[in-house]
Amino acid sequence: MPVQAMTQQATRHARRVYVGGLPPTANEQGAPVKVRRPSDYNPSLAATLGPSQPNPNLNLAAVGLTPGSAGGLEGPDRIFVGGLPYYFTETQIRELLETFGPLRGFDLVKDRETGNSKGYAFCVYQDLSVTDIACAALNGIKMGDKTLTVRRANQGANQPKPEQENVLLHAQQQIALQVHPLILLVLQKLMLQPAAAVATKVVCLTQAVSPDELKDDDDYQDILEDMREECGKFGTLVNIIIPRPQPNDEPSPGVGKVFLEYADIEGSTKARTGLNGRKFGGNSVVAVYYSENKFAQGDYEG
């Protein structure tokens with residue numbers, strides 16, 4: 001392909017905008033839409049065309065628009081943070097991320113209908129040099145029953161390029177020497193903080209039991225009775241569910257969690273407050289409210 005044609009194609013590519021969420025009956029007026037960069041957007045190509053930020057004098061309100069919440073999150077140094085516990089607040093997540101320095105931009109993705117966290121976020125650091133250090137330090141860390149996935153947003157699930165390996169190796173060495181103990185302290189603090197959530201009659205415990213403890217029938221019954229006796233001290237316990245591993249070791253929803261259903265909110269509130277942070281088998285238990293509808297449907301995966 002001639003160079004001029006390639007340049008024209010790159011120019012068209014960098015100027016494209018994806019518009020989605022349109023119903024089949026939509027016309028030019030009255031339909032809410034989603035507008036974002038295309039999935040194959042290349043910021044390097046776009047940068048050659050001019051400023052990447054809108055003119056500050058644009059009157060968005062005149063056309064019924066408001067600035068996006070993800071300001072400062074464009075570019076190759078944007079970080080994807082996945083696997084976040086759903087009950088973590090924006091403040092808690094920012095506290096963890098800011099272990100490495102102040103953020104220039106942060107966006108916790110939420111469900112549009114409920115306003116609840118969808119378990120992932122994006123951020124950009126003011127000091128871009130810490131991007132790879134933060135990714136290497138946080139990626140793979142366990143948070144309750146979740147495991148963090150932290151990487152550059154434009155990297156996808158691909159492995160780092162060869163030229164990035166030295167950077168990541170250096171980052172990991174620095175983490176081992178300095179940063180990692182601080183992360184552990186922040187994590188411990190965050191995991192022991194009661195989650196900000198609407199109270200329900202159902203409490204979910206994580207880090208109270210391990211899958212291996214649940215395989216033997218006698219051990220399982222002992223754990224069930226111990227939990228019933230201990231957790232019944234907070235109120236009238238209507239039901240207790242402890243999902244077990246499948247015999248063939250296939251994934252089973254909710255394994256490693258304990259679900260406690262109380263007769264009223266008072267009992268579940270006391271249980272959540274009394275059990276959160278307690279030690280079971282050397283682990284600090286995390287106690288959060290759980291959806292009554294999901295529990296009634298036998299959905300233990302959330």
# chains A, B, ... in the order shown; residues from 1 in each chain; ligands from 1
call {"tool": "residues_around", "arguments": {"residues": "Asn276 of chain A", "least_positions_apart": "4", "cutoff": "6 Å", "atoms": "only C-alpha atoms", "output": "list in words"}}
result
Arg272, Val285, Val286 and Ala287 of chain A
call {"tool": "atom_distance", "arguments": {"atom1": "atom CA of Thr147 of chain A", "atom2": "atom CA of Gln207 of chain A"}}
result
13.3 Å
call {"tool": "closest_residue", "arguments": {"among": "A:Cys135, A:Ala199, A:Ile241, A:Ala296", "to": "Ala271 of chain A", "atoms": "only C-alpha atoms"}}
result
A:Ala199
call {"tool": "residues_around", "arguments": {"residues": "segment 217-224 of chain A", "least_positions_apart": "6", "cutoff": "9 Å", "atoms": "only C-alpha atoms", "output": "list in words"}}
result
Val209, Ile240, Ile241, Ile242 and Arg244 of chain A
call {"tool": "residues_around", "arguments": {"residues": "Ile93 of chain A", "least_positions_apart": "5", "cutoff": "12 Å", "atoms": "only C-alpha atoms", "output": "PyMOL selection string"}}
result
chain A and resi 81-88+98-99+103+106-109+117+119-123+138+143+148+186-187+189-191+195
